[in-house]
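Colleague: Structure in structure tokens, see below.
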Amino acid sequence: MMSKDVRIAVAPPFTITKEILEQPEFEVDLQLVHPKNSQKRAGRLQVHLYSMSSLAPPTASIFSNGVNVTRTHPSLRAGVLAASSSADSLLPVFNTYQVEMFHVTRIFGADNVGWNRQYKAAQRIYAEGPDGESVRAVIRSQHASLYNSRKAIVSACANGNEFLELFQFGVRAGRRRFYTWVLLDHVFRFCESGAGFFRDFLSKHAMHASCRPSVRYAGEFHIQPPASEGGKHDGDYHLLVLDNNSGTFAPPTSLLPKVEAVFRSNFPDLHVVALAFDNPLLTEYKSIGLS
């Protein structure tokens, strides 16, 4: 039996070329060596590789998922501020979350959402000149503080259930929570919306985006519990409900299906729906008593 300390090296080195891939069968010869002494050989391993022509049509696309790496960024200072500025005293730390996402650029293509020119707060943030630069510097500082990579807890989501477990299925201190989020090319960032200290933030969405002038999408989300636990939908499962409630970016409802597609391609087992902020169904979902 091979020891877990044995290292595999290729001898001699080889490159898999197009000509090799076109062969129906080829063989790779691997030399096993000791991990602490590369001159000490530990046998050989021959691997036979077989290939066959794809049965997919020429127009088909090939893509795959890895695990979605997550980073939870805890902030004790933000937790204290949030607790002191609201009735919620059960917030020892305040977490922001970052989840790596696949297929965003494939699904959204050329579609991006720029900042909302009609929104006064966004006008201040993205203004040209010294005033705008000063505002953006403050927001970037807020972003750097809340997304401090040195304190990040790194993990991974292999399925939709593990994604929901990352933030306790949207429940903290026995209450269901709203979350503010932005979607960028390769990452989904979010945190609780209701923390009182956020009143001092000119824009939560601009903070998540670190003042990028455009994002793929932005809004709020919450988790509907199963119908058996008081959820306002018919299924006996948790439902991720996303919307486009962002004054800073005001994303169009026409892109909501693409938001759903991103989450379904990353977490095929996740139940998800994306709704316009003024959809009556969203109002009904919110009636379960979120904060």
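Residues are referred to by chain and number: the chain letter is A, B, ... according to the order shown in the structure tokens, the number counts from 1 in that chain, and ligands are numbered separately from 1 in the order shown.
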Using only C-alpha atoms, which protein or nucleic acid residues come within 6 Å of stretch 274-286 of chain A? Drop anything in the same chain fewer than 6 positions from it, and give the result as a VMD selection string.

Modeller: chain A and resid 232 241 to 245 253 256

Colleague: Show which residues sit within 12 Å of A:Glu165, as a VMD selection string. Count only C-alpha atoms, and ignore same-chain residues fewer than 6 positions away.

Modeller: chain A and resid 70 155 to 159 171 to 172 223 238

Colleague: Would you give me, as a compact mmCIF listing (two decimals) with all heavy atoms, in the first residue's frame, the residues in stretch 94-281 of chain A that DSSP reads as helix (DSSP H, G or I)?

Modeller:
```txt
# COMPACT_ATOMS: atom_id res chain seq x y z
N VAL A 104 -20.53 33.58 -14.11
CA VAL A 104 -21.16 34.91 -14.13
C VAL A 104 -20.95 35.57 -15.49
O VAL A 104 -21.90 36.07 -16.10
CB VAL A 104 -20.61 35.79 -13.00
CG1 VAL A 104 -21.24 37.19 -13.07
CG2 VAL A 104 -20.88 35.17 -11.64
N THR A 105 -19.71 35.58 -15.96
CA THR A 105 -19.44 36.25 -17.24
C THR A 105 -20.10 35.50 -18.39
O THR A 105 -20.57 36.12 -19.35
CB THR A 105 -17.93 36.36 -17.49
OG1 THR A 105 -17.33 35.05 -17.42
CG2 THR A 105 -17.28 37.25 -16.44
N ARG A 106 -20.17 34.18 -18.30
CA ARG A 106 -20.83 33.40 -19.36
C ARG A 106 -22.32 33.74 -19.43
O ARG A 106 -22.88 33.89 -20.51
CB ARG A 106 -20.63 31.91 -19.12
CG ARG A 106 -21.36 31.02 -20.12
CD ARG A 106 -21.12 29.54 -19.81
NE ARG A 106 -21.66 29.12 -18.53
CZ ARG A 106 -22.95 28.80 -18.33
NH1 ARG A 106 -23.80 28.87 -19.33
NH2 ARG A 106 -23.35 28.41 -17.14
N ILE A 107 -22.96 33.85 -18.27
CA ILE A 107 -24.40 34.07 -18.23
C ILE A 107 -24.76 35.53 -18.51
O ILE A 107 -25.69 35.82 -19.27
CB ILE A 107 -24.97 33.62 -16.87
CG1 ILE A 107 -24.87 32.09 -16.75
CG2 ILE A 107 -26.40 34.08 -16.67
CD1 ILE A 107 -25.20 31.55 -15.38
N PHE A 108 -24.01 36.47 -17.95
CA PHE A 108 -24.34 37.88 -18.12
C PHE A 108 -23.80 38.46 -19.43
O PHE A 108 -24.32 39.45 -19.93
CB PHE A 108 -23.82 38.70 -16.94
CG PHE A 108 -24.79 38.77 -15.80
CD1 PHE A 108 -24.91 37.72 -14.90
CD2 PHE A 108 -25.58 39.88 -15.60
CE1 PHE A 108 -25.80 37.78 -13.84
CE2 PHE A 108 -26.48 39.96 -14.56
CZ PHE A 108 -26.59 38.91 -13.67
N LYS A 120 -29.32 60.57 -5.60
CA LYS A 120 -28.45 61.62 -5.06
C LYS A 120 -27.23 61.06 -4.34
O LYS A 120 -26.12 61.60 -4.47
CB LYS A 120 -29.25 62.53 -4.13
CG LYS A 120 -30.25 63.43 -4.87
CD LYS A 120 -30.90 64.40 -3.92
CE LYS A 120 -31.84 65.34 -4.69
NZ LYS A 120 -32.49 66.33 -3.78
N ALA A 121 -27.41 60.00 -3.56
CA ALA A 121 -26.27 59.42 -2.85
C ALA A 121 -25.23 58.91 -3.84
O ALA A 121 -24.02 59.10 -3.65
CB ALA A 121 -26.73 58.30 -1.93
N ALA A 122 -25.69 58.28 -4.93
CA ALA A 122 -24.76 57.78 -5.95
C ALA A 122 -24.06 58.93 -6.65
O ALA A 122 -22.88 58.83 -7.01
CB ALA A 122 -25.50 56.90 -6.95
N GLN A 123 -24.78 60.03 -6.86
CA GLN A 123 -24.16 61.21 -7.48
C GLN A 123 -23.01 61.73 -6.64
O GLN A 123 -21.96 62.14 -7.18
CB GLN A 123 -25.21 62.30 -7.68
CG GLN A 123 -26.27 61.97 -8.71
CD GLN A 123 -27.41 62.97 -8.72
OE1 GLN A 123 -27.41 63.94 -7.95
NE2 GLN A 123 -28.40 62.74 -9.57
N ARG A 124 -23.17 61.71 -5.33
CA ARG A 124 -22.08 62.16 -4.43
C ARG A 124 -20.90 61.19 -4.48
O ARG A 124 -19.75 61.61 -4.52
CB ARG A 124 -22.60 62.25 -3.00
CG ARG A 124 -23.51 63.43 -2.70
CD ARG A 124 -23.84 63.47 -1.22
NE ARG A 124 -22.63 63.57 -0.41
CZ ARG A 124 -22.60 63.36 0.91
NH1 ARG A 124 -23.71 63.01 1.54
NH2 ARG A 124 -21.47 63.48 1.57
N ILE A 125 -21.22 59.89 -4.49
CA ILE A 125 -20.15 58.89 -4.45
C ILE A 125 -19.30 58.93 -5.72
O ILE A 125 -18.07 58.88 -5.66
CB ILE A 125 -20.76 57.47 -4.28
CG1 ILE A 125 -21.42 57.35 -2.90
CG2 ILE A 125 -19.68 56.39 -4.45
CD1 ILE A 125 -22.27 56.11 -2.75
N PRO A 130 -12.35 66.51 -6.38
CA PRO A 130 -11.88 66.18 -5.02
C PRO A 130 -12.98 65.69 -4.10
O PRO A 130 -12.75 64.80 -3.27
CB PRO A 130 -11.28 67.50 -4.52
CG PRO A 130 -10.95 68.26 -5.76
CD PRO A 130 -11.98 67.88 -6.77
N ASP A 131 -14.19 66.26 -4.21
CA ASP A 131 -15.27 65.85 -3.31
C ASP A 131 -15.62 64.38 -3.52
O ASP A 131 -15.75 63.62 -2.56
CB ASP A 131 -16.50 66.73 -3.52
CG ASP A 131 -16.30 68.15 -3.02
OD1 ASP A 131 -15.34 68.37 -2.26
OD2 ASP A 131 -17.10 69.02 -3.40
N GLY A 132 -15.79 63.98 -4.77
CA GLY A 132 -16.10 62.60 -5.07
C GLY A 132 -14.97 61.65 -4.66
O GLY A 132 -15.21 60.56 -4.12
N GLU A 133 -13.74 62.07 -4.89
CA GLU A 133 -12.59 61.24 -4.50
C GLU A 133 -12.53 61.04 -3.00
O GLU A 133 -12.21 59.95 -2.51
CB GLU A 133 -11.30 61.90 -5.01
CG GLU A 133 -11.15 61.87 -6.53
CD GLU A 133 -9.93 62.65 -7.01
OE1 GLU A 133 -9.21 63.19 -6.13
OE2 GLU A 133 -9.69 62.71 -8.22
N SER A 134 -12.88 62.09 -2.23
CA SER A 134 -12.88 61.97 -0.77
C SER A 134 -13.95 61.00 -0.30
O SER A 134 -13.71 60.17 0.60
CB SER A 134 -13.11 63.35 -0.14
OG SER A 134 -12.07 64.24 -0.45
N VAL A 135 -15.14 61.07 -0.89
CA VAL A 135 -16.22 60.16 -0.51
C VAL A 135 -15.83 58.71 -0.83
O VAL A 135 -16.02 57.80 -0.01
CB VAL A 135 -17.53 60.55 -1.23
CG1 VAL A 135 -18.60 59.47 -1.00
CG2 VAL A 135 -18.03 61.90 -0.74
N ARG A 136 -15.27 58.50 -2.01
CA ARG A 136 -14.88 57.15 -2.40
C ARG A 136 -13.77 56.61 -1.50
O ARG A 136 -13.74 55.41 -1.19
CB ARG A 136 -14.45 57.12 -3.87
CG ARG A 136 -15.62 57.31 -4.84
CD ARG A 136 -15.22 57.02 -6.28
NE ARG A 136 -14.28 57.99 -6.82
CZ ARG A 136 -14.63 59.16 -7.36
NH1 ARG A 136 -15.90 59.53 -7.40
NH2 ARG A 136 -13.71 59.97 -7.84
N ALA A 137 -12.88 57.48 -1.06
CA ALA A 137 -11.81 57.04 -0.16
C ALA A 137 -12.39 56.53 1.15
O ALA A 137 -11.93 55.52 1.70
CB ALA A 137 -10.83 58.18 0.08
N VAL A 138 -13.42 57.21 1.67
CA VAL A 138 -14.05 56.77 2.92
C VAL A 138 -14.73 55.42 2.73
O VAL A 138 -14.58 54.51 3.56
CB VAL A 138 -15.08 57.83 3.39
CG1 VAL A 138 -15.91 57.27 4.55
CG2 VAL A 138 -14.37 59.10 3.82
N ILE A 139 -15.45 55.27 1.62
CA ILE A 139 -16.17 54.02 1.38
C ILE A 139 -15.20 52.86 1.16
O ILE A 139 -15.42 51.74 1.64
CB ILE A 139 -17.13 54.17 0.18
CG1 ILE A 139 -18.22 55.18 0.54
CG2 ILE A 139 -17.75 52.82 -0.20
CD1 ILE A 139 -19.17 55.49 -0.59
N ARG A 140 -14.11 53.10 0.44
CA ARG A 140 -13.11 52.05 0.25
C ARG A 140 -12.48 51.66 1.58
O ARG A 140 -12.13 50.49 1.80
CB ARG A 140 -12.05 52.51 -0.74
CG ARG A 140 -12.57 52.59 -2.18
CD ARG A 140 -11.45 52.86 -3.16
NE ARG A 140 -11.93 52.99 -4.53
CZ ARG A 140 -11.94 54.10 -5.24
NH1 ARG A 140 -11.45 55.22 -4.71
NH2 ARG A 140 -12.41 54.12 -6.47
N SER A 141 -12.32 52.63 2.47
CA SER A 141 -11.79 52.32 3.80
C SER A 141 -12.78 51.44 4.58
O SER A 141 -12.38 50.50 5.28
CB SER A 141 -11.52 53.61 4.57
OG SER A 141 -11.10 53.35 5.88
N GLN A 142 -14.08 51.74 4.46
CA GLN A 142 -15.10 50.90 5.09
C GLN A 142 -15.05 49.48 4.52
O GLN A 142 -15.13 48.50 5.26
CB GLN A 142 -16.48 51.52 4.86
CG GLN A 142 -16.69 52.84 5.56
CD GLN A 142 -17.94 53.57 5.08
OE1 GLN A 142 -18.46 53.29 3.99
NE2 GLN A 142 -18.43 54.50 5.89
N HIS A 143 -14.89 49.38 3.21
CA HIS A 143 -14.81 48.07 2.57
C HIS A 143 -13.59 47.29 3.08
O HIS A 143 -13.69 46.11 3.42
CB HIS A 143 -14.71 48.24 1.05
CG HIS A 143 -14.49 46.96 0.31
ND1 HIS A 143 -15.52 46.18 -0.16
CD2 HIS A 143 -13.34 46.31 -0.03
CE1 HIS A 143 -15.03 45.11 -0.76
NE2 HIS A 143 -13.71 45.16 -0.70
N ALA A 144 -12.44 47.97 3.14
CA ALA A 144 -11.22 47.29 3.59
C ALA A 144 -11.35 46.82 5.03
O ALA A 144 -10.83 45.76 5.40
CB ALA A 144 -10.03 48.24 3.44
N SER A 145 -12.06 47.60 5.86
CA SER A 145 -12.23 47.22 7.25
C SER A 145 -13.15 46.01 7.39
O SER A 145 -12.87 45.07 8.16
CB SER A 145 -12.81 48.40 8.04
OG SER A 145 -13.10 48.03 9.37
N LEU A 146 -14.26 45.99 6.63
CA LEU A 146 -15.24 44.91 6.76
C LEU A 146 -14.86 43.66 5.98
O LEU A 146 -15.36 42.57 6.25
CB LEU A 146 -16.62 45.41 6.32
CG LEU A 146 -17.25 46.44 7.25
CD1 LEU A 146 -18.55 46.98 6.66
CD2 LEU A 146 -17.50 45.85 8.63
N SER A 149 -9.01 40.63 4.81
CA SER A 149 -8.64 39.27 4.42
C SER A 149 -7.77 38.57 5.46
O SER A 149 -7.73 37.35 5.53
CB SER A 149 -7.93 39.28 3.07
OG SER A 149 -6.76 40.08 3.13
N ARG A 150 -7.07 39.34 6.30
CA ARG A 150 -6.20 38.72 7.30
C ARG A 150 -7.00 37.99 8.37
O ARG A 150 -6.49 37.09 9.04
CB ARG A 150 -5.31 39.78 7.95
CG ARG A 150 -4.25 40.36 7.02
CD ARG A 150 -3.45 41.45 7.70
NE ARG A 150 -4.32 42.57 8.10
CZ ARG A 150 -3.90 43.61 8.79
NH1 ARG A 150 -2.64 43.69 9.19
NH2 ARG A 150 -4.73 44.59 9.09
N LYS A 151 -8.26 38.39 8.56
CA LYS A 151 -9.09 37.76 9.58
C LYS A 151 -10.11 36.81 8.99
O LYS A 151 -10.96 36.29 9.70
CB LYS A 151 -9.80 38.85 10.39
CG LYS A 151 -8.87 39.81 11.12
CD LYS A 151 -9.66 40.88 11.86
CE LYS A 151 -8.74 41.86 12.57
NZ LYS A 151 -9.50 42.92 13.27
N GLY A 160 -25.97 23.70 -2.37
CA GLY A 160 -26.80 24.79 -1.90
C GLY A 160 -27.02 24.79 -0.40
O GLY A 160 -27.09 25.83 0.23
N ASN A 161 -27.13 23.59 0.19
CA ASN A 161 -27.34 23.51 1.63
C ASN A 161 -26.14 24.09 2.38
O ASN A 161 -26.31 24.81 3.38
CB ASN A 161 -27.57 22.06 2.04
CG ASN A 161 -28.10 21.94 3.46
OD1 ASN A 161 -29.21 22.34 3.75
ND2 ASN A 161 -27.30 21.38 4.35
N GLU A 162 -24.94 23.80 1.91
CA GLU A 162 -23.75 24.35 2.57
C GLU A 162 -23.67 25.86 2.39
O GLU A 162 -23.15 26.56 3.27
CB GLU A 162 -22.50 23.65 2.03
CG GLU A 162 -22.40 22.19 2.45
CD GLU A 162 -21.12 21.52 1.96
OE1 GLU A 162 -20.31 22.20 1.30
OE2 GLU A 162 -20.94 20.32 2.23
N PHE A 163 -24.15 26.36 1.25
CA PHE A 163 -24.21 27.82 1.08
C PHE A 163 -25.13 28.44 2.12
O PHE A 163 -24.77 29.44 2.76
CB PHE A 163 -24.71 28.15 -0.33
CG PHE A 163 -25.06 29.60 -0.52
CD1 PHE A 163 -24.08 30.57 -0.56
CD2 PHE A 163 -26.39 29.98 -0.67
CE1 PHE A 163 -24.41 31.92 -0.73
CE2 PHE A 163 -26.73 31.31 -0.85
CZ PHE A 163 -25.74 32.28 -0.88
N LEU A 164 -26.30 27.87 2.35
CA LEU A 164 -27.23 28.42 3.33
C LEU A 164 -26.70 28.26 4.75
O LEU A 164 -26.93 29.12 5.61
CB LEU A 164 -28.59 27.73 3.20
CG LEU A 164 -29.33 27.93 1.87
CD1 LEU A 164 -30.64 27.15 1.87
CD2 LEU A 164 -29.58 29.40 1.58
N GLU A 165 -25.98 27.18 5.02
CA GLU A 165 -25.39 26.98 6.34
C GLU A 165 -24.36 28.05 6.66
O GLU A 165 -24.10 28.34 7.84
CB GLU A 165 -24.73 25.60 6.42
CG GLU A 165 -25.70 24.45 6.50
CD GLU A 165 -24.99 23.10 6.52
OE1 GLU A 165 -23.78 23.06 6.18
OE2 GLU A 165 -25.65 22.09 6.86
N GLN A 168 -26.35 30.51 8.51
CA GLN A 168 -27.37 29.92 9.38
C GLN A 168 -28.77 30.02 8.78
O GLN A 168 -29.75 30.33 9.49
CB GLN A 168 -27.35 30.54 10.79
CG GLN A 168 -26.11 30.27 11.60
CD GLN A 168 -24.93 31.13 11.14
OE1 GLN A 168 -25.06 32.35 11.02
NE2 GLN A 168 -23.80 30.50 10.89
N PHE A 169 -28.88 29.78 7.48
CA PHE A 169 -30.17 29.78 6.80
C PHE A 169 -30.92 31.11 6.99
O PHE A 169 -32.15 31.15 7.02
CB PHE A 169 -31.03 28.61 7.27
CG PHE A 169 -30.49 27.27 6.85
CD1 PHE A 169 -29.51 26.63 7.60
CD2 PHE A 169 -30.94 26.65 5.69
CE1 PHE A 169 -28.99 25.40 7.22
CE2 PHE A 169 -30.43 25.41 5.30
CZ PHE A 169 -29.45 24.79 6.06
N GLY A 170 -30.15 32.19 7.12
CA GLY A 170 -30.76 33.51 7.22
C GLY A 170 -31.36 33.85 8.56
O GLY A 170 -32.17 34.78 8.67
N GLY A 196 -27.73 48.74 12.70
CA GLY A 196 -27.96 50.16 12.86
C GLY A 196 -26.82 51.05 12.42
O GLY A 196 -27.03 52.15 11.92
N PHE A 197 -25.58 50.57 12.59
CA PHE A 197 -24.45 51.43 12.25
C PHE A 197 -24.36 51.70 10.76
O PHE A 197 -23.68 52.61 10.32
CB PHE A 197 -23.13 50.83 12.76
CG PHE A 197 -22.56 49.74 11.90
CD1 PHE A 197 -21.45 49.97 11.11
CD2 PHE A 197 -23.11 48.47 11.89
CE1 PHE A 197 -20.90 48.97 10.33
CE2 PHE A 197 -22.57 47.46 11.13
CZ PHE A 197 -21.46 47.71 10.34
N PHE A 198 -25.10 50.93 9.94
CA PHE A 198 -25.10 51.16 8.50
C PHE A 198 -25.77 52.49 8.14
O PHE A 198 -25.67 52.94 7.00
CB PHE A 198 -25.81 50.02 7.77
CG PHE A 198 -24.87 48.96 7.27
CD1 PHE A 198 -25.23 47.63 7.33
CD2 PHE A 198 -23.62 49.28 6.75
CE1 PHE A 198 -24.38 46.63 6.87
CE2 PHE A 198 -22.76 48.29 6.30
CZ PHE A 198 -23.14 46.97 6.36
N ARG A 199 -26.48 53.11 9.09
CA ARG A 199 -27.07 54.41 8.80
C ARG A 199 -26.01 55.44 8.46
O ARG A 199 -26.27 56.43 7.79
CB ARG A 199 -27.91 54.88 10.00
CG ARG A 199 -29.23 54.14 10.17
CD ARG A 199 -30.12 54.87 11.16
NE ARG A 199 -29.55 54.84 12.51
CZ ARG A 199 -29.86 53.93 13.42
NH1 ARG A 199 -30.71 52.96 13.12
NH2 ARG A 199 -29.32 53.96 14.62
N ASP A 200 -24.80 55.21 8.91
CA ASP A 200 -23.70 56.14 8.64
C ASP A 200 -23.02 55.85 7.31
O ASP A 200 -22.11 56.56 6.91
CB ASP A 200 -22.66 56.09 9.77
CG ASP A 200 -23.25 56.55 11.11
OD1 ASP A 200 -24.14 57.41 11.08
OD2 ASP A 200 -22.81 56.04 12.15
N LYS A 204 -24.54 51.00 1.12
CA LYS A 204 -24.05 49.66 1.45
C LYS A 204 -23.60 48.94 0.18
O LYS A 204 -22.61 48.20 0.20
CB LYS A 204 -25.16 48.87 2.16
CG LYS A 204 -25.55 49.43 3.52
CD LYS A 204 -26.56 48.55 4.22
CE LYS A 204 -27.94 48.64 3.61
NZ LYS A 204 -28.58 49.96 3.85
N HIS A 205 -24.32 49.14 -0.91
CA HIS A 205 -23.94 48.46 -2.14
C HIS A 205 -22.62 48.97 -2.68
O HIS A 205 -21.79 48.20 -3.17
CB HIS A 205 -25.05 48.63 -3.19
CG HIS A 205 -26.29 47.85 -2.87
ND1 HIS A 205 -27.48 48.43 -2.51
CD2 HIS A 205 -26.51 46.51 -2.83
CE1 HIS A 205 -28.38 47.50 -2.26
NE2 HIS A 205 -27.82 46.32 -2.46
N ALA A 206 -22.38 50.28 -2.60
CA ALA A 206 -21.09 50.82 -3.03
C ALA A 206 -19.97 50.28 -2.14
O ALA A 206 -18.85 50.03 -2.61
CB ALA A 206 -21.11 52.34 -3.00
N MET A 207 -20.25 50.07 -0.83
CA MET A 207 -19.25 49.51 0.07
C MET A 207 -18.89 48.09 -0.36
O MET A 207 -17.72 47.75 -0.48
CB MET A 207 -19.78 49.52 1.50
CG MET A 207 -18.78 49.00 2.55
SD MET A 207 -18.65 47.19 2.66
CE MET A 207 -20.30 46.77 3.28
N HIS A 208 -19.91 47.25 -0.61
CA HIS A 208 -19.64 45.88 -1.05
C HIS A 208 -18.82 45.87 -2.34
O HIS A 208 -17.94 45.02 -2.53
CB HIS A 208 -20.95 45.12 -1.29
CG HIS A 208 -21.67 44.74 -0.04
ND1 HIS A 208 -21.09 44.01 0.98
CD2 HIS A 208 -22.95 44.97 0.36
CE1 HIS A 208 -21.97 43.82 1.94
NE2 HIS A 208 -23.11 44.39 1.60
N ALA A 227 -42.48 25.68 4.08
CA ALA A 227 -43.87 25.97 4.40
C ALA A 227 -44.26 25.42 5.76
O ALA A 227 -45.04 26.03 6.50
CB ALA A 227 -44.77 25.38 3.31
N SER A 228 -43.68 24.27 6.13
CA SER A 228 -43.99 23.66 7.43
C SER A 228 -43.46 24.48 8.59
O SER A 228 -43.86 24.25 9.74
CB SER A 228 -43.42 22.24 7.48
OG SER A 228 -42.00 22.27 7.31
N GLU A 229 -42.57 25.45 8.32
CA GLU A 229 -42.02 26.31 9.37
C GLU A 229 -42.50 27.75 9.23
O GLU A 229 -41.89 28.67 9.76
CB GLU A 229 -40.49 26.26 9.32
CG GLU A 229 -39.92 24.87 9.56
CD GLU A 229 -38.40 24.83 9.43
OE1 GLU A 229 -37.78 25.92 9.48
OE2 GLU A 229 -37.84 23.74 9.27
N THR A 253 -35.13 44.94 -14.00
CA THR A 253 -35.78 43.65 -13.75
C THR A 253 -35.49 42.66 -14.88
O THR A 253 -35.57 41.45 -14.66
CB THR A 253 -37.30 43.83 -13.61
OG1 THR A 253 -37.82 44.45 -14.80
CG2 THR A 253 -37.63 44.72 -12.42
N SER A 254 -35.15 43.15 -16.06
CA SER A 254 -34.91 42.26 -17.20
C SER A 254 -33.75 41.31 -16.97
O SER A 254 -33.64 40.27 -17.63
CB SER A 254 -34.66 43.09 -18.47
OG SER A 254 -33.52 43.93 -18.31
N LEU A 255 -32.84 41.65 -16.04
CA LEU A 255 -31.68 40.80 -15.77
C LEU A 255 -31.91 39.83 -14.61
O LEU A 255 -31.02 39.03 -14.30
CB LEU A 255 -30.44 41.66 -15.49
CG LEU A 255 -29.94 42.52 -16.64
CD1 LEU A 255 -28.71 43.32 -16.22
CD2 LEU A 255 -29.61 41.67 -17.87
N LEU A 256 -33.06 39.89 -13.97
CA LEU A 256 -33.33 38.99 -12.85
C LEU A 256 -33.23 37.51 -13.25
O LEU A 256 -32.70 36.70 -12.47
CB LEU A 256 -34.70 39.29 -12.24
CG LEU A 256 -34.78 40.55 -11.38
CD1 LEU A 256 -36.24 40.87 -11.04
CD2 LEU A 256 -33.97 40.40 -10.09
N PRO A 257 -33.70 37.10 -14.43
CA PRO A 257 -33.51 35.68 -14.81
C PRO A 257 -32.05 35.27 -14.87
O PRO A 257 -31.72 34.11 -14.59
CB PRO A 257 -34.18 35.60 -16.19
CG PRO A 257 -35.20 36.70 -16.19
CD PRO A 257 -34.56 37.81 -15.41
N LYS A 258 -31.17 36.20 -15.21
CA LYS A 258 -29.74 35.87 -15.25
C LYS A 258 -29.20 35.67 -13.83
O LYS A 258 -28.31 34.85 -13.61
CB LYS A 258 -28.96 36.94 -16.00
CG LYS A 258 -29.30 37.00 -17.49
CD LYS A 258 -28.33 37.88 -18.26
CE LYS A 258 -28.63 37.80 -19.76
NZ LYS A 258 -27.63 38.53 -20.58
N VAL A 259 -29.73 36.43 -12.89
CA VAL A 259 -29.33 36.25 -11.49
C VAL A 259 -29.72 34.84 -11.03
O VAL A 259 -28.91 34.12 -10.43
CB VAL A 259 -29.98 37.31 -10.59
CG1 VAL A 259 -29.69 37.02 -9.12
CG2 VAL A 259 -29.50 38.70 -10.96
N GLU A 260 -30.95 34.45 -11.33
CA GLU A 260 -31.38 33.09 -10.99
C GLU A 260 -30.49 32.05 -11.65
O GLU A 260 -30.09 31.06 -11.02
CB GLU A 260 -32.83 32.87 -11.44
CG GLU A 260 -33.87 33.62 -10.64
CD GLU A 260 -35.28 33.26 -11.06
OE1 GLU A 260 -35.43 32.38 -11.94
OE2 GLU A 260 -36.23 33.83 -10.51
N ALA A 261 -30.14 32.28 -12.92
CA ALA A 261 -29.33 31.31 -13.66
C ALA A 261 -27.95 31.14 -13.04
O ALA A 261 -27.41 30.03 -13.00
CB ALA A 261 -29.20 31.74 -15.12
N VAL A 262 -27.37 32.23 -12.54
CA VAL A 262 -26.06 32.14 -11.90
C VAL A 262 -26.13 31.24 -10.67
O VAL A 262 -25.28 30.36 -10.48
CB VAL A 262 -25.55 33.54 -11.51
CG1 VAL A 262 -24.36 33.44 -10.55
CG2 VAL A 262 -25.13 34.33 -12.75
N PHE A 263 -27.14 31.44 -9.84
CA PHE A 263 -27.23 30.64 -8.62
C PHE A 263 -27.58 29.19 -8.93
O PHE A 263 -27.08 28.27 -8.27
CB PHE A 263 -28.25 31.26 -7.66
CG PHE A 263 -27.68 32.38 -6.86
CD1 PHE A 263 -27.68 33.68 -7.35
CD2 PHE A 263 -27.10 32.15 -5.63
CE1 PHE A 263 -27.12 34.72 -6.63
CE2 PHE A 263 -26.54 33.17 -4.89
CZ PHE A 263 -26.55 34.47 -5.39
N ARG A 264 -28.40 28.95 -9.93
CA ARG A 264 -28.74 27.57 -10.27
C ARG A 264 -27.55 26.84 -10.88
O ARG A 264 -27.39 25.64 -10.69
CB ARG A 264 -29.93 27.56 -11.23
CG ARG A 264 -31.23 27.95 -10.53
CD ARG A 264 -32.43 27.79 -11.43
NE ARG A 264 -33.66 28.09 -10.69
CZ ARG A 264 -34.57 28.95 -11.09
NH1 ARG A 264 -34.43 29.60 -12.23
NH2 ARG A 264 -35.65 29.16 -10.36
N SER A 265 -26.71 27.54 -11.62
CA SER A 265 -25.54 26.88 -12.21
C SER A 265 -24.47 26.61 -11.16
O SER A 265 -23.71 25.64 -11.28
CB SER A 265 -24.97 27.73 -13.34
OG SER A 265 -24.47 28.96 -12.84
N ASN A 266 -24.42 27.43 -10.11
CA ASN A 266 -23.44 27.20 -9.04
C ASN A 266 -23.94 26.21 -7.99
O ASN A 266 -23.16 25.43 -7.46
CB ASN A 266 -23.09 28.53 -8.37
CG ASN A 266 -22.09 29.35 -9.14
OD1 ASN A 266 -20.88 29.24 -8.92
ND2 ASN A 266 -22.57 30.15 -10.08
N PRO A 280 -45.68 42.19 -5.78
CA PRO A 280 -46.54 41.88 -4.61
C PRO A 280 -46.14 40.58 -3.92
O PRO A 280 -46.31 40.46 -2.70
CB PRO A 280 -47.94 41.78 -5.23
CG PRO A 280 -47.88 42.60 -6.47
CD PRO A 280 -46.47 42.43 -7.00
N LEU A 281 -45.62 39.62 -4.67
CA LEU A 281 -45.19 38.37 -4.04
C LEU A 281 -44.05 38.61 -3.07
O LEU A 281 -43.99 37.99 -2.00
CB LEU A 281 -44.77 37.36 -5.11
CG LEU A 281 -44.31 35.98 -4.61
CD1 LEU A 281 -45.39 35.31 -3.78
CD2 LEU A 281 -43.91 35.10 -5.79
```

Colleague: Would you kindly return, as number ranges by chain, each protein, DNA or RNA residue with an atom no farther than 7 Å from any atom of A:Val187, considering only C-alpha atoms and excluding same-chain residues fewer than 3 positions away?

Modeller: A: 98-101, 183-184

Colleague: For the structure I just gave you, how does DSSP split stretch 36-274 of chain A - specifically, which residues are strand (DSSP E)? Reply as a ChimeraX atom specification.

Modeller: /A:37-50,68-75,94-100,113-114,153-157,171-172,175-176,179-183,187-192,214-215,217-224,239-243,271-274

Colleague: Using Å and a single decimal, report how far atom CA of A:Ile288 sits from atom CA of A:Phe221.

Modeller: 13.7 Å

Colleague: Can you work out which one of A:Gly174, A:Gly219, A:Pro226, A:Gly235 has the shortest atom-to-atom distance to A:Gly247, counting only C-alpha atoms?

Modeller: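 For A:Gly247, the nearest of the given residues is A:Gly219.
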
Colleague: Can you work out the spacing between atom CA of A:Arg189 and atom CA of A:Tyr217 in Å, to one decimal?

Modeller: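 So the answer is 10.9 Å.
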
Colleague: Rank nothing, just name the residue among A:Val69, A:Leu239, A:Ala173, A:Leu202 nearest to A:Tyr126, using only C-alpha atoms.

Modeller: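 Of the candidates, the smallest distance to A:Tyr126 is held by A:Leu202.
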
Colleague: Could you name the residues that touch stretch 249-252 of chain A at 7 Å or less, counting only C-alpha atoms, but leaving out those on the same chain fewer than 4 positions away, as a VMD selection string?

Modeller: chain A and resid 113 to 116 217 to 218 244

Colleague: Could you check the closest approach to A:Ala127 for each of A:Leu45, A:Pro213, A:Val272, A:Lys40 and tell me which residue wins, using only C-alpha atoms?

Modeller: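 So, comparing all the options, the nearest one is A:Pro213.
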